[in-house]
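A.B. asks: Below you will find the structure I want to go over with you.
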Amino acid sequence: MAFDSLGAFIAMEGHGPYVWTCYGVFFLLLGSLVYWSLRQRRQVMVEQRRVVSRDSTARTGAGQPATGASFQRVNEPKKSRD
């Protein structure tokens, strides 16, 4: 092992304050980025639900739920060979 004790590991031969400050800043920024990303995602999802709800209400009329796509086959009339 490179260090004799836990105290020596934390002190890192005098470089400990710099090293642990860097780790602290890194994890603080990483946590902030994760928090900001989740918050931003939540806001975008709420906004998109609002847009979809508004669009479906505008298309179908107020108070009527939007109908989903029907996957029925459309049969075209056969052309005659005249």
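Going through the structure tokens in order, the chains are called A, B, and so on, while each chain numbers its residues from 1 and the ligands are numbered from 1 in the order shown.
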I'd like to know which residues of chain A are alpha helix (DSSP H) (by DSSP, run on the backbone); could you write them as a VMD selection string?

C.D. replies: chain A and resid 6 to 11 16 to 60

A.B. asks: Give me the residues near range 4-10 of chain A as a tab-separated table (two decimals) with N, CA and C atoms, in the first residue's frame, where near means some atom within 9 Å (using only C-alpha atoms) and where sequence neighbours in that chain fewer than 6 positions away do not count.

C.D. replies:
chain	number	residue	atom	x	y	z
A	16	GLY	N	-2.96	16.91	0.11
A	16	GLY	CA	-4.32	16.53	0.45
A	16	GLY	C	-5.35	17.63	0.28
A	17	PRO	N	-5.09	18.86	0.81
A	17	PRO	CA	-6.10	19.91	0.66
A	17	PRO	C	-6.44	20.20	-0.81
A	20	TRP	N	-8.39	16.90	-2.27
A	20	TRP	CA	-9.74	16.72	-1.76
A	20	TRP	C	-10.65	17.89	-2.14
